[in-house]
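Quick look at structure_28.txt (compact mmCIF, C-alpha atoms):
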# COMPACT_ATOMS: atom_id res chain seq x y z
CA MET E 1 -57.61 -53.73 -61.54
CA ALA E 2 -59.14 -51.22 -59.12
CA THR E 3 -56.84 -49.18 -56.97
CA SER E 4 -57.82 -48.81 -53.32
CA ARG E 5 -57.80 -45.41 -51.64
CA ARG E 6 -55.21 -46.71 -49.16
CA SER E 7 -52.95 -47.89 -52.02
CA LEU E 8 -53.33 -44.57 -53.82
CA LEU E 9 -52.40 -42.61 -50.72
CA ARG E 10 -49.42 -44.89 -50.08
CA ASN E 11 -48.19 -44.48 -53.66
CA SER E 12 -48.75 -40.74 -53.57
CA ALA E 13 -46.77 -40.47 -50.34
CA ALA E 14 -43.95 -42.53 -51.83
CA THR E 15 -43.92 -40.34 -54.92
CA ALA E 16 -43.87 -37.19 -52.82
CA ALA E 17 -41.03 -38.57 -50.71
CA THR E 18 -39.07 -39.45 -53.83
CA LEU E 19 -39.62 -35.98 -55.30
CA SER E 20 -38.66 -34.40 -52.00
CA LEU E 21 -35.50 -36.51 -51.77
CA GLY E 22 -34.68 -35.73 -55.40
CA GLY E 23 -35.12 -32.04 -54.69
CA ARG E 24 -32.84 -32.23 -51.68
CA LEU E 25 -30.22 -34.12 -53.70
CA ALA E 26 -30.45 -31.59 -56.51
CA ARG E 27 -30.04 -28.72 -54.06
CA ALA E 28 -27.11 -30.47 -52.37
CA GLU E 29 -25.45 -30.99 -55.74
CA ALA E 30 -26.13 -27.38 -56.71
CA GLU E 31 -24.55 -26.20 -53.49
CA GLU E 32 -21.21 -27.84 -54.35
CA VAL E 33 -18.50 -26.39 -56.56
CA ARG E 34 -16.21 -29.07 -57.97
CA ILE E 35 -12.71 -27.82 -58.80
CA GLY E 36 -9.87 -29.79 -60.34
CA VAL E 37 -6.62 -29.50 -58.37
CA ILE E 38 -3.38 -30.68 -59.96
CA TYR E 39 0.10 -30.78 -58.42
CA ASP E 40 3.13 -33.05 -58.56
CA LEU E 41 2.56 -35.25 -55.51
CA SER E 42 5.27 -37.69 -56.59
CA GLY E 43 8.49 -37.51 -58.58
CA PRO E 44 11.30 -34.94 -58.21
CA PHE E 45 9.04 -31.85 -58.28
CA ALA E 46 7.12 -33.08 -55.23
CA ALA E 47 9.98 -32.29 -52.84
CA GLY E 48 10.90 -29.19 -54.84
CA GLY E 49 7.85 -27.33 -53.60
CA SER E 50 4.84 -28.89 -55.30
CA VAL E 51 3.62 -30.79 -52.23
CA ALA E 52 3.95 -27.63 -50.13
CA CYS E 53 1.81 -25.82 -52.73
CA SER E 54 -0.82 -28.55 -52.59
CA ILE E 55 -0.97 -28.33 -48.80
CA GLY E 56 -1.38 -24.55 -48.94
CA CYS E 57 -4.15 -24.97 -51.51
CA GLN E 58 -5.99 -27.52 -49.36
CA ILE E 59 -5.72 -25.30 -46.27
CA ALA E 60 -7.42 -22.50 -48.23
CA ILE E 61 -10.20 -24.86 -49.35
CA ASP E 62 -10.67 -26.16 -45.80
CA LEU E 63 -10.95 -22.64 -44.37
CA VAL E 64 -13.47 -21.56 -46.97
CA ASN E 65 -15.60 -24.65 -46.35
CA GLU E 66 -15.42 -24.15 -42.58
CA ARG E 67 -16.87 -20.69 -43.15
CA GLY E 68 -19.81 -22.09 -45.09
CA GLY E 69 -18.24 -22.33 -48.52
CA ILE E 70 -18.02 -19.85 -51.39
CA ALA E 71 -20.17 -16.80 -50.56
CA GLY E 72 -21.02 -18.63 -47.34
CA LYS E 73 -23.09 -21.38 -48.98
CA TYR E 74 -21.37 -23.27 -51.80
CA LYS E 75 -19.06 -26.02 -50.59
CA VAL E 76 -15.80 -26.50 -52.50
CA VAL E 77 -15.13 -30.09 -53.55
CA PRO E 78 -11.55 -30.56 -54.83
CA ILE E 79 -10.98 -33.30 -57.43
CA ASN E 80 -7.29 -34.01 -56.92
CA ALA E 81 -4.79 -35.22 -59.50
CA ASP E 82 -1.08 -36.12 -59.35
CA SER E 83 0.94 -35.06 -62.40
CA GLN E 84 3.88 -37.17 -61.14
CA SER E 85 6.49 -34.61 -62.30
CA LYS E 86 5.76 -35.62 -65.92
CA ALA E 87 4.31 -33.34 -68.59
CA ASP E 88 2.46 -36.15 -70.40
CA VAL E 89 0.84 -37.27 -67.14
CA ALA E 90 -0.16 -33.67 -66.36
CA ILE E 91 -1.84 -33.35 -69.77
CA ASN E 92 -3.67 -36.68 -69.38
CA GLU E 93 -4.84 -35.82 -65.87
CA VAL E 94 -6.16 -32.42 -66.89
CA GLU E 95 -7.96 -33.97 -69.86
CA ARG E 96 -9.51 -36.43 -67.38
CA LEU E 97 -10.58 -33.62 -65.06
CA LEU E 98 -12.19 -31.71 -67.90
CA GLY E 99 -13.60 -34.65 -69.84
CA GLN E 100 -14.59 -37.26 -67.27
CA GLU E 101 -14.97 -35.20 -64.11
CA LYS E 102 -16.59 -32.33 -66.04
CA VAL E 103 -14.90 -29.60 -63.99
CA GLU E 104 -14.94 -26.03 -65.29
CA ILE E 105 -11.89 -24.92 -63.30
CA VAL E 106 -8.44 -26.50 -62.84
CA ASN E 107 -6.33 -25.00 -60.05
CA GLY E 108 -2.63 -25.62 -59.39
CA VAL E 109 0.29 -26.50 -61.72
CA TYR E 110 3.78 -26.39 -60.23
CA SER E 111 6.06 -26.78 -63.25
CA SER E 112 6.34 -24.30 -66.11
CA ALA E 113 7.14 -27.24 -68.40
CA HIS E 114 3.61 -28.45 -67.62
CA ALA E 115 1.97 -25.03 -67.64
CA VAL E 116 2.96 -24.25 -71.24
CA PRO E 117 1.13 -27.19 -72.88
CA LEU E 118 -1.68 -27.20 -70.30
CA SER E 119 -2.53 -23.55 -70.92
CA ALA E 120 -2.97 -24.25 -74.63
CA LYS E 121 -5.09 -27.38 -73.95
CA VAL E 122 -7.40 -25.72 -71.43
CA GLU E 123 -7.71 -22.52 -73.46
CA ALA E 124 -8.78 -24.52 -76.51
CA GLN E 125 -11.61 -26.08 -74.48
CA LYS E 126 -12.62 -22.70 -73.04
CA LYS E 127 -12.25 -23.87 -69.45
CA ILE E 128 -10.41 -22.09 -66.63
CA LEU E 129 -6.77 -22.83 -65.74
CA TRP E 130 -5.89 -20.99 -62.52
CA ILE E 131 -2.09 -21.24 -62.16
CA THR E 132 -0.83 -20.96 -58.59
CA THR E 133 2.87 -21.66 -58.99
CA ALA E 134 4.52 -22.10 -62.43
CA VAL E 135 6.39 -18.89 -63.24
CA ALA E 136 7.62 -18.91 -66.87
CA THR E 137 6.69 -15.66 -68.62
CA ALA E 138 6.43 -17.76 -71.80
CA VAL E 139 3.18 -19.28 -70.52
CA PHE E 140 1.44 -15.96 -71.25
CA LYS E 141 3.76 -13.87 -73.42
CA ASP E 142 1.98 -12.90 -76.67
CA LYS E 143 -0.54 -15.78 -76.31
CA ASN E 144 -3.60 -13.56 -75.70
CA LEU E 145 -5.04 -16.17 -73.34
CA GLN E 146 -8.68 -15.65 -72.36
CA TYR E 147 -9.29 -18.48 -69.87
CA VAL E 148 -5.90 -18.86 -68.18
CA PHE E 149 -4.99 -16.70 -65.18
CA ARG E 150 -1.97 -16.38 -62.90
CA ALA E 151 -1.79 -14.11 -59.84
CA GLN E 152 1.73 -15.48 -59.18
CA ILE E 153 4.84 -13.59 -60.26
CA HIS E 154 6.51 -14.42 -63.58
CA SER E 155 10.07 -15.26 -64.58
CA ASP E 156 10.97 -11.85 -65.98
CA GLN E 157 10.47 -10.49 -62.47
CA TYR E 158 13.05 -12.94 -61.07
CA GLY E 159 15.66 -11.64 -63.48
CA GLU E 160 14.84 -8.03 -62.73
CA ALA E 161 15.02 -8.62 -58.96
CA PHE E 162 18.37 -10.40 -59.28
CA ALA E 163 20.00 -7.66 -61.34
CA LYS E 164 18.68 -4.82 -59.20
CA PHE E 165 19.68 -6.53 -55.96
CA VAL E 166 23.26 -7.05 -57.16
CA ALA E 167 23.61 -3.60 -58.74
CA GLU E 168 22.18 -1.76 -55.73
CA ASN E 169 24.57 -3.54 -53.36
CA ALA E 170 27.68 -3.55 -55.57
CA LYS E 171 29.39 -0.46 -54.22
CA ALA E 172 28.21 -0.58 -50.61
CA LYS E 173 28.68 -4.30 -49.99
CA LEU E 174 31.15 -5.58 -52.58
CA GLY E 175 33.24 -2.43 -52.94
CA LYS E 176 32.95 -2.39 -56.73
CA GLU E 177 31.06 -0.52 -59.39
CA PRO E 178 28.29 -2.60 -60.99
CA SER E 179 30.35 -2.71 -64.19
CA ASP E 180 33.10 -4.55 -62.30
CA ILE E 181 30.83 -7.27 -60.87
CA LYS E 182 31.16 -10.57 -62.74
CA VAL E 183 27.91 -12.52 -62.97
CA ALA E 184 27.38 -16.15 -64.02
CA ILE E 185 23.91 -17.45 -64.83
CA ILE E 186 23.17 -21.20 -64.71
CA HIS E 187 19.79 -22.87 -65.11
CA GLU E 188 17.87 -26.04 -65.79
CA ASP E 189 16.85 -26.06 -69.45
CA GLY E 190 13.04 -26.19 -69.11
CA PRO E 191 10.73 -23.17 -69.60
CA TYR E 192 11.21 -22.09 -65.97
CA GLY E 193 15.01 -22.08 -66.06
CA VAL E 194 15.28 -20.64 -69.56
CA GLY E 195 12.82 -17.85 -68.78
CA VAL E 196 14.55 -16.84 -65.56
CA ALA E 197 18.02 -17.01 -67.11
CA GLU E 198 17.04 -14.95 -70.15
CA ALA E 199 15.57 -12.25 -67.94
CA SER E 200 18.54 -12.32 -65.53
CA GLU E 201 20.96 -11.83 -68.41
CA ARG E 202 18.90 -9.09 -70.03
CA PHE E 203 18.41 -7.04 -66.87
CA ALA E 204 22.00 -7.59 -65.71
CA LYS E 205 23.31 -6.17 -68.98
CA GLU E 206 20.88 -3.25 -68.80
CA LEU E 207 22.29 -2.36 -65.38
CA GLY E 208 25.89 -2.69 -66.56
CA LEU E 209 26.85 -5.93 -64.80
CA GLN E 210 29.40 -8.19 -66.50
CA VAL E 211 27.73 -11.40 -67.61
CA VAL E 212 30.70 -13.74 -67.95
CA MET E 213 28.73 -16.95 -68.44
CA ARG E 214 25.24 -18.27 -69.10
CA GLU E 215 24.66 -22.01 -69.43
CA GLY E 216 21.77 -24.44 -69.16
CA TYR E 217 21.70 -28.13 -68.28
CA SER E 218 19.17 -30.92 -67.93
CA ALA E 219 17.52 -31.09 -64.50
CA ALA E 220 17.98 -34.87 -64.76
CA ALA E 221 21.72 -34.65 -65.51
CA PRO E 222 23.72 -37.24 -63.50
CA ASP E 223 26.89 -35.10 -63.48
CA LEU E 224 27.42 -31.33 -63.42
CA SER E 225 31.21 -31.34 -62.93
CA SER E 226 31.87 -29.78 -66.35
CA LEU E 227 29.53 -26.90 -65.45
CA VAL E 228 31.39 -26.41 -62.17
CA THR E 229 34.72 -26.36 -64.03
CA LYS E 230 33.46 -23.64 -66.38
CA LEU E 231 32.28 -21.58 -63.42
CA LYS E 232 35.71 -21.83 -61.80
CA ARG E 233 37.32 -20.58 -64.99
CA ALA E 234 34.84 -17.71 -65.31
CA GLY E 235 35.68 -16.44 -61.81
CA ALA E 236 32.20 -15.00 -61.23
CA ASP E 237 31.57 -12.89 -58.15
CA VAL E 238 27.86 -13.73 -58.10
CA ILE E 239 26.04 -16.80 -59.42
CA SER E 240 22.36 -16.84 -60.37
CA HIS E 241 20.90 -20.37 -60.31
CA ALA E 242 17.45 -21.52 -61.43
CA GLY E 243 17.01 -25.19 -60.58
CA TYR E 244 15.04 -27.87 -58.77
CA ASN E 245 16.01 -29.74 -55.64
CA PRO E 246 17.85 -32.77 -57.12
CA ASP E 247 20.01 -30.76 -59.54
CA ILE E 248 20.72 -28.06 -56.96
CA THR E 249 21.89 -30.73 -54.54
CA LEU E 250 24.17 -32.24 -57.18
CA PHE E 251 25.56 -28.84 -58.16
CA LEU E 252 26.32 -27.73 -54.60
CA ARG E 253 27.90 -31.06 -53.71
CA GLN E 254 30.19 -31.04 -56.74
CA SER E 255 30.98 -27.34 -56.25
CA ARG E 256 32.07 -27.98 -52.68
CA GLU E 257 34.18 -30.98 -53.70
CA SER E 258 35.92 -29.08 -56.51
CA GLY E 259 36.55 -25.92 -54.50
CA LEU E 260 34.27 -23.52 -56.42
CA ARG E 261 34.24 -20.14 -54.66
CA PHE E 262 32.03 -17.08 -55.09
CA LYS E 263 30.88 -13.99 -53.20
CA MET E 264 27.16 -14.78 -53.39
CA LEU E 265 24.79 -17.36 -54.80
CA VAL E 266 21.26 -16.19 -55.60
CA GLY E 267 18.68 -18.91 -56.20
CA ASP E 268 15.45 -18.42 -58.14
CA GLY E 269 12.76 -20.11 -56.07
CA ALA E 270 11.90 -23.77 -56.81
CA GLY E 271 14.56 -25.90 -55.05
CA TYR E 272 16.12 -22.92 -53.28
CA SER E 273 12.85 -22.32 -51.47
CA GLN E 274 12.98 -25.80 -49.96
CA LEU E 275 15.50 -24.89 -47.28
CA ASP E 276 14.60 -27.82 -45.05
CA LYS E 277 15.64 -30.20 -47.84
CA LEU E 278 18.89 -28.35 -48.50
CA ARG E 279 19.72 -28.07 -44.78
CA ALA E 280 19.21 -31.80 -44.35
CA THR E 281 22.01 -32.34 -46.89
CA PHE E 282 24.32 -29.35 -46.44
CA GLY E 283 23.66 -28.00 -42.95
CA PRO E 284 25.22 -24.57 -42.38
CA ASP E 285 27.05 -24.68 -45.73
CA ILE E 286 24.06 -22.96 -47.34
CA ASP E 287 23.83 -20.19 -44.74
CA ASN E 288 23.63 -16.71 -46.25
CA PHE E 289 22.65 -17.87 -49.72
CA CYS E 290 19.93 -15.68 -51.20
CA ASN E 291 16.70 -16.69 -52.90
CA ILE E 292 14.19 -14.84 -55.07
CA ASP E 293 10.53 -15.77 -54.80
CA PRO E 294 7.18 -14.38 -53.72
CA VAL E 295 7.58 -13.69 -50.04
CA PRO E 296 6.53 -16.33 -47.50
CA ALA E 297 3.52 -14.64 -45.93
CA GLN E 298 4.84 -15.07 -42.39
CA LEU E 299 7.77 -12.72 -43.16
CA ILE E 300 5.52 -9.76 -43.91
CA ASN E 301 4.65 -7.23 -41.21
CA PRO E 302 0.87 -7.66 -40.77
CA ALA E 303 0.56 -3.90 -40.26
CA SER E 304 1.38 -3.43 -43.96
CA LEU E 305 -1.58 -5.62 -45.00
CA LEU E 306 -5.32 -5.10 -44.97
CA PRO E 307 -6.99 -5.92 -41.62
CA GLY E 308 -7.43 -9.63 -40.93
CA LEU E 309 -4.74 -10.88 -43.32
CA GLY E 310 -2.16 -11.21 -40.54
CA ASP E 311 -4.50 -13.55 -38.67
CA LEU E 312 -5.14 -15.48 -41.86
CA THR E 313 -1.41 -15.98 -42.33
CA LYS E 314 -1.07 -17.16 -38.74
CA THR E 315 -3.77 -19.77 -39.29
CA MET E 316 -2.13 -20.97 -42.52
CA VAL E 317 1.26 -21.34 -40.79
CA GLU E 318 -0.21 -23.21 -37.83
CA ARG E 319 -2.07 -25.65 -40.07
CA TYR E 320 0.90 -26.24 -42.35
CA LYS E 321 3.13 -27.06 -39.38
CA ALA E 322 0.46 -29.32 -37.91
CA LYS E 323 0.12 -31.21 -41.20
CA THR E 324 3.85 -31.57 -41.88
CA ASN E 325 5.64 -31.29 -38.50
CA ALA E 326 7.90 -28.79 -40.29
CA THR E 327 9.73 -25.94 -38.57
CA ASP E 328 10.01 -24.06 -41.87
CA VAL E 329 7.01 -22.89 -43.89
CA PRO E 330 8.32 -22.49 -47.44
CA PRO E 331 7.15 -19.81 -49.90
CA HIS E 332 5.36 -22.51 -51.89
CA CYS E 333 2.81 -22.97 -49.13
CA SER E 334 1.94 -19.27 -49.36
CA MET E 335 1.72 -19.54 -53.17
CA GLY E 336 -0.69 -22.45 -53.10
CA PHE E 337 -2.76 -20.84 -50.36
CA ASN E 338 -2.78 -17.27 -51.64
CA GLN E 339 -3.72 -17.94 -55.25
CA THR E 340 -6.42 -20.44 -54.23
CA TRP E 341 -7.75 -17.98 -51.65
CA VAL E 342 -8.06 -15.26 -54.31
CA LEU E 343 -9.94 -17.65 -56.60
CA LEU E 344 -12.36 -18.81 -53.90
CA ASN E 345 -12.97 -15.44 -52.25
CA SER E 346 -12.48 -12.74 -54.88
CA VAL E 347 -13.49 -14.51 -58.10
CA LEU E 348 -16.04 -17.27 -57.59
CA PRO E 349 -18.51 -15.27 -55.45
CA VAL E 350 -18.58 -12.58 -58.16
CA ALA E 351 -18.98 -15.22 -60.87
CA LYS E 352 -22.08 -16.53 -59.14
CA GLN E 353 -23.63 -13.28 -57.96
CA LYS E 354 -22.84 -11.03 -60.92
CA TYR E 355 -22.50 -13.41 -63.86
CA GLY E 356 -24.92 -16.15 -62.86
CA GLY E 357 -22.86 -19.26 -62.16
CA PHE E 358 -19.56 -21.09 -61.79
CA ASP E 359 -19.15 -21.94 -65.48
CA ALA E 360 -15.91 -20.96 -67.20
CA ASP E 361 -17.30 -17.86 -68.93
CA ALA E 362 -18.73 -16.50 -65.69
CA VAL E 363 -15.43 -17.17 -63.88
CA ARG E 364 -13.45 -15.53 -66.70
CA GLN E 365 -15.53 -12.35 -66.49
CA ALA E 366 -15.28 -12.30 -62.69
CA ALA E 367 -11.48 -12.72 -62.84
CA LEU E 368 -11.19 -9.71 -65.12
CA ASP E 369 -13.15 -7.69 -62.52
CA VAL E 370 -10.65 -8.46 -59.73
CA ASP E 371 -9.01 -5.30 -58.38
CA ILE E 372 -7.12 -6.06 -55.15
CA PRO E 373 -4.82 -3.22 -54.05
CA PRO E 374 -1.22 -3.69 -52.84
CA GLY E 375 -1.38 -5.08 -49.30
CA GLY E 376 -4.59 -6.90 -50.14
CA THR E 377 -3.22 -10.45 -50.14
CA ILE E 378 -1.19 -12.39 -47.58
CA GLN E 379 1.89 -12.11 -49.85
CA GLY E 380 1.66 -8.34 -49.93
CA TYR E 381 1.02 -7.70 -53.59
CA GLY E 382 -2.30 -6.78 -55.17
CA VAL E 383 -4.12 -8.54 -57.99
CA LYS E 384 -5.33 -7.12 -61.30
CA PHE E 385 -5.04 -9.14 -64.48
CA TYR E 386 -3.75 -7.82 -67.78
CA ARG E 387 -6.65 -7.50 -70.20
CA PRO E 388 -7.20 -9.54 -73.37
CA GLY E 389 -5.31 -8.08 -76.30
CA THR E 390 -2.25 -7.15 -74.20
CA PRO E 391 1.12 -9.01 -74.34
CA LEU E 392 0.62 -10.70 -70.95
CA SER E 393 -3.14 -11.22 -71.03
CA GLY E 394 -4.15 -13.22 -67.93
CA GLN E 395 -1.04 -12.43 -65.87
CA ASN E 396 -1.29 -10.43 -62.65
CA GLU E 397 0.17 -6.99 -63.29
CA ARG E 398 0.63 -6.28 -59.54
CA SER E 399 2.68 -9.34 -58.55
CA THR E 400 6.09 -8.71 -56.95
CA PRO E 401 8.99 -10.91 -55.75
CA VAL E 402 11.49 -10.34 -52.94
CA VAL E 403 15.08 -11.37 -52.30
CA MET E 404 15.46 -13.39 -49.11
CA GLN E 405 18.55 -14.51 -47.22
CA ASN E 406 18.77 -17.43 -44.84
CA ALA E 407 20.90 -18.05 -41.76
CA GLY E 408 20.12 -21.28 -39.95
CA GLU E 409 16.35 -21.40 -39.64
CA HIS E 410 16.05 -17.62 -39.84
CA ILE E 411 14.98 -16.06 -43.14
CA SER E 412 15.09 -12.32 -43.78
CA VAL E 413 13.87 -10.10 -46.60
CA VAL E 414 16.88 -8.16 -47.93
CA TRP E 415 15.34 -6.57 -51.06
CA PRO E 416 13.57 -4.35 -52.01
CA SER E 417 14.80 -1.80 -49.54
CA ASN E 418 11.36 -0.41 -48.68
CA ILE E 419 10.23 -3.70 -47.09
CA LYS E 420 13.51 -5.39 -46.15
CA THR E 421 13.78 -6.74 -42.61
CA GLN E 422 17.57 -6.58 -42.50
CA ASP E 423 20.59 -5.59 -44.59
CA PRO E 424 22.04 -8.41 -46.69
CA VAL E 425 25.17 -10.22 -45.57
CA LEU E 426 27.28 -9.69 -48.67
CA PRO E 427 29.79 -11.07 -49.61
CA LEU E 428 29.59 -14.52 -48.02
CA PRO E 429 31.49 -14.51 -44.70
CA ALA E 430 34.93 -16.11 -44.63
CA SER E 431 33.50 -18.98 -42.58
CA SER E 432 31.49 -20.21 -45.57
CA VAL E 433 32.96 -23.19 -47.44
CA TYR E 434 31.96 -21.44 -50.66
CA ALA E 435 33.36 -17.98 -49.83
CA MET E 436 35.69 -16.41 -52.38
CA ARG E 437 39.00 -15.74 -50.68
For this file, produce the structure as structure tokens.
Amino acid sequence: MATSRRSLLRNSAATAATLSLGGRLARAEAEEVRIGVIYDLSGPFAAGGSVACSIGCQIAIDLVNERGGIAGKYKVVPINADSQSKADVAINEVERLLGQEKVEIVNGVYSSAHAVPLSAKVEAQKKILWITTAVATAVFKDKNLQYVFRAQIHSDQYGEAFAKFVAENAKAKLGKEPSDIKVAIIHEDGPYGVGVAEASERFAKELGLQVVMREGYSAAAPDLSSLVTKLKRAGADVISHAGYNPDITLFLRQSRESGLRFKMLVGDGAGYSQLDKLRATFGPDIDNFCNIDPVPAQLINPASLLPGLGDLTKTMVERYKAKTNATDVPPHCSMGFNQTWVLLNSVLPVAKQKYGGFDADAVRQAALDVDIPPGGTIQGYGVKFYRPGTPLSGQNERSTPVVMQNAGEHISVVWPSNIKTQDPVLPLPASSVYAMR
């Protein structure tokens, strides 16, 4: 059948329109970067800091997209997953992100108990796992990971900070030599708690503190009264506690009921960073407790940071409060924001411009190029990753924690001395229900 000139022109125009539309769709797809994001949005870890991390992460993504995307032109599309505070769910969700969603990068992970198996899974598939929160040193120690990175601090640093804080304040604040200070170390028995406790004991002994007790327990334990009884018998001056919100609440409640007394309690992030949750239950009873964690960005003097980071922190704080109606902005918000911000602004643009794309190998090479000096992130520390072939390959060698102390809704940095915002209140004042008398 003959084709008329009019029909041919019409078909040609339709074909051209289809090709043009296809080209636009291809360009639109190419201008998006899909990233898997996994946090515990339900279950006990959600209130322990994971949701705050996820909010900080999303604020970072929103800000980057508002500025045009990665390198000003590649929009970030998060593919979100809820690990439900369960390791098996976390593994299944990450396998879905990698297998079905075809992402090259997974960002997030709150729990160290999830990070240990996930790092092995993602490494085996040669995809990127960018850990924002989980702290166990065991995630990286002697694993020679090539595709897993963490700019966050690690659990050995919690133990070192605890021991140094106590030893440096022993004589001036507690009136004793470090060798006369009795320390008890308690912890949930997952990789996070075990890692922190092992480091706390090791560094405490190195500095001459008396470690009179170290004991773990299940974070899901329905009763911690026997642990409290052992602590009373040990007569520790200072307690180090690595735990999540539910078990911390149970421990403090049973300690108060049984009359456990001490001169200071030092928490190790996780549940102790969720002060709004603890205040809702204990009110002023938790005043003057200390907590070790990466610093909440809003506590840092902006003058000590590179230009513009103070304003960035202000924006993060404003958006977090607007999203949550919270008066407190916990350290976990800064963790989720800061690590995601580093990925989106210091790694992915280099992956594209220098190494040709956003695939895992390009991102891995770009991550190893990162060289952010101290003061170059909103949490104060710099970023440079240990190289392959070293004991902590993939871990940030410039990460640093702080010791904070709370009083009401006021939080101060009390260690290290070069950046502290006030001297620590030590021992607990006589007005505290937990104060050793």
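Candidate residues E:Asn406, E:Asn291, E:Ser334, E:Gln365 were compared for distance to Phe149 (chain E), and the nearest is E:Gln365, using all atoms listed in the file.
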Review point. Which polymer residues have any atom within 7 Å of an atom of Gln405 (chain E), counting only C-alpha atoms, with same-chain residues fewer than 6 positions away left out, as a VMD selection string?
Key: chain E and resid 288 to 291 411 to 414
Study note, to complete from the structure: For Gln254 (chain E), the closest of E:Leu224, E:Ala47, E:Ile91, E:Val166 counting all atoms listed in the file is E:Leu224
Point to revise | Non-local contacts of Asn245 (chain E) (8 Å; only C-alpha atoms; under 2 positions in same chain excluded) as a PyMOL selection string | key: chain E and resi 44-45+47-48+243+247-249+270-272+274+277-278
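Among the candidates E:Ala362, E:Met436, E:Leu368, E:Ala221, the residue lying nearest to Lys126 (chain E) is E:Ala362 (atoms considered: all atoms listed in the file).
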Study note, to complete from the structure: Among E:Ser112, E:Thr229, E:Gln152, E:Asn345, Gly195 (chain E) is approached most closely, using only C-alpha atoms, by E:Ser112
Point to revise | Close residues, region 314-316 of chain E itself excluded, 8 Å, all atoms listed in the file, min 5 positions apart in chain, as a ChimeraX atom specification | key: /E:56,59-60,298,337
Can I get the selected residues back with C-alpha atoms, as a PDB file, in the coordinates of the input?
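Generated file (result31.pdb):
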ATOM      1  CA  GLY E  56      -1.380 -24.550 -48.940  1.00  0.00           C
ATOM      2  CA  ILE E  59      -5.720 -25.300 -46.270  1.00  0.00           C
ATOM      3  CA  ALA E  60      -7.420 -22.500 -48.230  1.00  0.00           C
ATOM      4  CA  GLN E 298       4.840 -15.070 -42.390  1.00  0.00           C
ATOM      5  CA  PHE E 337      -2.760 -20.840 -50.360  1.00  0.00           C
TER       6      PHE E 337
END
Would you compute the box with edges along x, y and z of the file around region 69-77 of chain E, including every atom the file lists for it and 3 Å extra on each side, and give its centre and edge lengths in Å to one decimal, as lines of an AutoDock Vina configuration file?
center_x = -19.1
center_y = -23.4
center_z = -50.4
size_x = 14.0
size_y = 19.3
size_z = 12.2
